[in-house]
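A.B. asks: File structure35.pdb below, PDB, C-alpha atoms, pLDDT in the B column:
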MODEL        1
ATOM      1  CA  MET A   7       0.000   0.000   0.000  1.00 47.00           C
ATOM      2  CA  GLU A   8       2.820   2.416   0.807  1.00 51.00           C
ATOM      3  CA  ASP A   9       4.293   1.869  -2.674  1.00 51.00           C
ATOM      4  CA  ASN A  10       1.588   4.038  -4.267  1.00 51.00           C
ATOM      5  CA  LYS A  11       3.504   7.230  -3.496  1.00 52.00           C
ATOM      6  CA  ASN A  12       6.628   5.775  -5.078  1.00 53.00           C
ATOM      7  CA  ASN A  13       4.682   4.545  -8.104  1.00 59.00           C
ATOM      8  CA  PRO A  14       2.660   7.443  -9.527  1.00 64.00           C
ATOM      9  CA  LYS A  15       1.488   5.235 -12.409  1.00 78.00           C
ATOM     10  CA  ALA A  16      -0.456   2.906 -10.083  1.00 79.00           C
ATOM     11  CA  PRO A  17      -4.173   2.830 -10.947  1.00 90.00           C
ATOM     12  CA  TRP A  18      -6.542   4.685  -8.628  1.00 87.00           C
ATOM     13  CA  TRP A  19      -8.345   1.472  -7.689  1.00 91.00           C
ATOM     14  CA  GLN A  20      -5.263  -0.512  -6.689  1.00 90.00           C
ATOM     15  CA  PRO A  21      -5.204   0.409  -2.953  1.00 87.00           C
ATOM     16  CA  SER A  22      -8.867  -0.581  -2.601  1.00 89.00           C
ATOM     17  CA  LEU A  23      -8.297  -3.918  -4.295  1.00 92.00           C
ATOM     18  CA  LEU A  24      -5.256  -4.650  -2.141  1.00 91.00           C
ATOM     19  CA  LEU A  25      -7.202  -3.853   1.031  1.00 91.00           C
ATOM     20  CA  PHE A  26     -10.106  -6.034  -0.126  1.00 93.00           C
ATOM     21  CA  THR A  27      -7.707  -8.904  -0.843  1.00 95.00           C
ATOM     22  CA  ARG A  28      -5.986  -8.613   2.544  1.00 94.00           C
ATOM     23  CA  LEU A  29      -9.259  -8.485   4.464  1.00 93.00           C
ATOM     24  CA  SER A  30     -10.737 -11.364   2.456  1.00 95.00           C
ATOM     25  CA  GLY A  31      -7.625 -13.372   3.192  1.00 95.00           C
ATOM     26  CA  TRP A  32      -8.135 -12.770   6.905  1.00 94.00           C
ATOM     27  CA  ILE A  33     -11.660 -14.127   6.583  1.00 93.00           C
ATOM     28  CA  ALA A  34     -11.026 -17.145   4.382  1.00 95.00           C
ATOM     29  CA  GLY A  35      -7.495 -18.237   5.246  1.00 95.00           C
ATOM     30  CA  PRO A  36      -7.741 -19.135   8.944  1.00 96.00           C
ATOM     31  CA  VAL A  37     -11.240 -20.603   8.635  1.00 95.00           C
ATOM     32  CA  ILE A  38     -10.402 -22.854   5.677  1.00 96.00           C
ATOM     33  CA  LEU A  39      -7.218 -24.012   7.388  1.00 97.00           C
ATOM     34  CA  ALA A  40      -9.119 -24.691  10.631  1.00 97.00           C
ATOM     35  CA  VAL A  41     -11.789 -26.712   8.817  1.00 96.00           C
ATOM     36  CA  PHE A  42      -9.301 -29.056   7.167  1.00 97.00           C
ATOM     37  CA  VAL A  43      -6.942 -29.387  10.136  1.00 97.00           C
ATOM     38  CA  GLY A  44      -9.844 -29.760  12.591  1.00 97.00           C
ATOM     39  CA  LYS A  45     -11.485 -32.539  10.579  1.00 96.00           C
ATOM     40  CA  TRP A  46      -8.147 -34.313  10.166  1.00 97.00           C
ATOM     41  CA  LEU A  47      -7.372 -34.099  13.909  1.00 97.00           C
ATOM     42  CA  ASP A  48     -10.863 -35.306  14.809  1.00 96.00           C
ATOM     43  CA  ARG A  49     -10.451 -38.376  12.601  1.00 96.00           C
ATOM     44  CA  LYS A  50      -6.946 -39.028  13.913  1.00 96.00           C
ATOM     45  CA  TYR A  51      -7.864 -38.773  17.616  1.00 96.00           C
ATOM     46  CA  ASN A  52     -11.528 -39.852  17.312  1.00 96.00           C
ATOM     47  CA  THR A  53     -12.767 -36.659  19.004  1.00 94.00           C
ATOM     48  CA  GLU A  54     -15.445 -35.583  16.523  1.00 92.00           C
ATOM     49  CA  PRO A  55     -16.509 -32.722  16.505  1.00 94.00           C
ATOM     50  CA  TRP A  56     -14.600 -31.138  19.393  1.00 96.00           C
ATOM     51  CA  LEU A  57     -11.207 -30.340  17.870  1.00 96.00           C
ATOM     52  CA  PHE A  58     -12.929 -29.122  14.702  1.00 96.00           C
ATOM     53  CA  LEU A  59     -15.153 -26.738  16.691  1.00 97.00           C
ATOM     54  CA  ILE A  60     -12.275 -25.519  18.853  1.00 97.00           C
ATOM     55  CA  LEU A  61     -10.075 -24.763  15.830  1.00 97.00           C
ATOM     56  CA  VAL A  62     -12.895 -23.012  13.969  1.00 96.00           C
ATOM     57  CA  GLY A  63     -13.532 -20.892  17.089  1.00 97.00           C
ATOM     58  CA  ILE A  64      -9.847 -19.980  17.312  1.00 97.00           C
ATOM     59  CA  ALA A  65      -9.840 -19.184  13.588  1.00 97.00           C
ATOM     60  CA  PHE A  66     -12.831 -16.880  14.083  1.00 96.00           C
ATOM     61  CA  PHE A  67     -11.007 -14.892  16.771  1.00 97.00           C
ATOM     62  CA  LEU A  68      -7.800 -14.849  14.728  1.00 96.00           C
ATOM     63  CA  SER A  69      -9.732 -13.577  11.696  1.00 96.00           C
ATOM     64  CA  SER A  70     -11.456 -10.912  13.784  1.00 96.00           C
ATOM     65  CA  PHE A  71      -8.153  -9.726  15.231  1.00 96.00           C
ATOM     66  CA  GLY A  72      -6.499  -9.613  11.810  1.00 96.00           C
ATOM     67  CA  ILE A  73      -9.362  -7.696  10.218  1.00 96.00           C
ATOM     68  CA  ILE A  74      -9.451  -5.153  13.046  1.00 96.00           C
ATOM     69  CA  HIS A  75      -5.660  -4.744  12.985  1.00 96.00           C
ATOM     70  CA  ASP A  76      -5.494  -4.196   9.211  1.00 95.00           C
ATOM     71  CA  SER A  77      -8.530  -1.908   9.243  1.00 94.00           C
ATOM     72  CA  LEU A  78      -7.108   0.311  11.978  1.00 96.00           C
ATOM     73  CA  LYS A  79      -3.751   0.475  10.200  1.00 95.00           C
ATOM     74  CA  GLU A  80      -5.482   1.485   6.961  1.00 93.00           C
ATOM     75  CA  MET A  81      -7.614   4.111   8.724  1.00 93.00           C
ATOM     76  CA  LYS A  82      -4.483   5.643  10.264  1.00 95.00           C
ATOM     77  CA  ARG A  83      -2.816   5.716   6.840  1.00 92.00           C
ATOM     78  CA  ILE A  84      -5.845   7.446   5.312  1.00 90.00           C
ATOM     79  CA  GLU A  85      -6.002   9.975   8.162  1.00 94.00           C
ATOM     80  CA  LYS A  86      -2.288  10.712   7.694  1.00 94.00           C
ATOM     81  CA  GLU A  87      -2.763  11.249   3.942  1.00 89.00           C
ATOM     82  CA  GLU A  88      -5.764  13.519   4.562  1.00 90.00           C
ATOM     83  CA  LYS A  89      -3.790  15.553   7.109  1.00 91.00           C
ATOM     84  CA  GLU A  90      -0.840  15.878   4.715  1.00 88.00           C
ATOM     85  CA  LYS A  91      -3.206  16.913   1.930  1.00 86.00           C
ATOM     86  CA  LYS A  92      -4.889  19.472   4.194  1.00 87.00           C
ATOM     87  CA  ASP A  93      -1.521  20.809   5.410  1.00 84.00           C
ATOM     88  CA  GLY A  94      -0.336  21.073   1.796  1.00 80.00           C
ATOM     89  CA  GLU A  95      -3.422  23.096   0.873  1.00 80.00           C
ATOM     90  CA  ASN A  96      -2.927  25.387   3.880  1.00 79.00           C
ATOM     91  CA  ASN A  97       0.721  25.973   2.926  1.00 77.00           C
ATOM     92  CA  LYS A  98      -0.318  27.048  -0.581  1.00 73.00           C
ATOM     93  CA  ARG A  99      -2.439  29.849   0.837  1.00 65.00           C
TER      94      ARG A  99
ENDMDL
END
Turn the structure described in the file into structure tokens.
C.D. replies:
Amino acid sequence: MEDNKNNPKAPWWQPSLLLFTRLSGWIAGPVILAVFVGKWLDRKYNTEPWLFLILVGIAFFLSSFGIIHDSLKEMKRIEKEEKEKKDGENNKR
């Protein structure tokens, strides 16, 4: 995301697509991994469905934390850009 300033030829939609991809990855990645690993562990240790449910629960919290972390980081970046833009406009006056 920070490369956009260094790459003035980047399309206007690129930061949005990158953010969407990162947040979607936080949703899908841990949950899909937990589903497969949980089912495998349940079959291996004959604990159906407990390990599966525990891992999916952990994946949910991990996904929530990751989404919140990335969202807050992005909001701070946007606020910083807005402040710099506002300061630049005030300096022109």
A.B. asks: Residues near Pro36 of chain A, anyone? I mean within 12 Å using all atoms listed in the file, not counting same-chain ones fewer than 5 positions away, as a list of chain:residue names.
C.D. replies: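 Contacts, with the query itself left out: A:Leu29, A:Ser30, A:Gly31, A:Val41, A:Phe42, A:Val43, A:Gly44, A:Leu61, A:Val62, A:Gly63, A:Ile64, A:Ala65, A:Phe66, A:Phe67, A:Leu68, A:Ser69, A:Ser70, A:Phe71, A:Gly72, A:Ile73.
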A.B. asks: Check what the PyMOL selection byres ((chain A and resi 45) around 12) selects in the file above and give those residues as a list of chain:residue names.
C.D. replies: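 Output from the PyMOL selection byres ((chain A and resi 45) around 12), applied to this file: A:Ile38, A:Leu39, A:Ala40, A:Val41, A:Phe42, A:Val43, A:Gly44, A:Trp46, A:Leu47, A:Asp48, A:Arg49, A:Lys50, A:Tyr51, A:Asn52, A:Thr53, A:Glu54, A:Pro55, A:Trp56, A:Leu57, A:Phe58, A:Leu59, A:Ile60, A:Leu61, A:Val62.
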A.B. asks: Record the distance separating atom CA of Lys79 of chain A and atom CA of Trp18 of chain A, expressed in Å with one decimal.
C.D. replies: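 It comes out at 19.5 Å.
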A.B. asks: If the box runs along x, y and z of the file and leaves 3 Å on each side of segment 81-88 of chain A, what are its centre and edge lengths in Å, one decimal, as AutoDock Vina command-line options?
C.D. replies:
--center_x -5.0 --center_y 8.8 --center_z 7.1 --size_x 11.3 --size_y 15.4 --size_z 12.3
A.B. asks: Kindly give the distance, in Å, that separates atom CA of Glu80 of chain A and atom CA of Leu25 of chain A, rounded to a single decimal.
C.D. replies: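 For atom CA of Glu80 of chain A relative to atom CA of Leu25 of chain A, the distance reads 8.2 Å.
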A.B. asks: Enter the distance from atom CA of Lys98 of chain A to atom CA of Lys86 of chain A, in Å, rounded to one decimal.
C.D. replies: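 Separating atom CA of Lys98 of chain A from atom CA of Lys86 of chain A is a distance of 18.4 Å.
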A.B. asks: When you count only C-alpha atoms, which of these residues is closest to Ile74 of chain A: A:Ile33, A:Glu87, A:Lys15, A:Asp93?
C.D. replies: A:Ile33
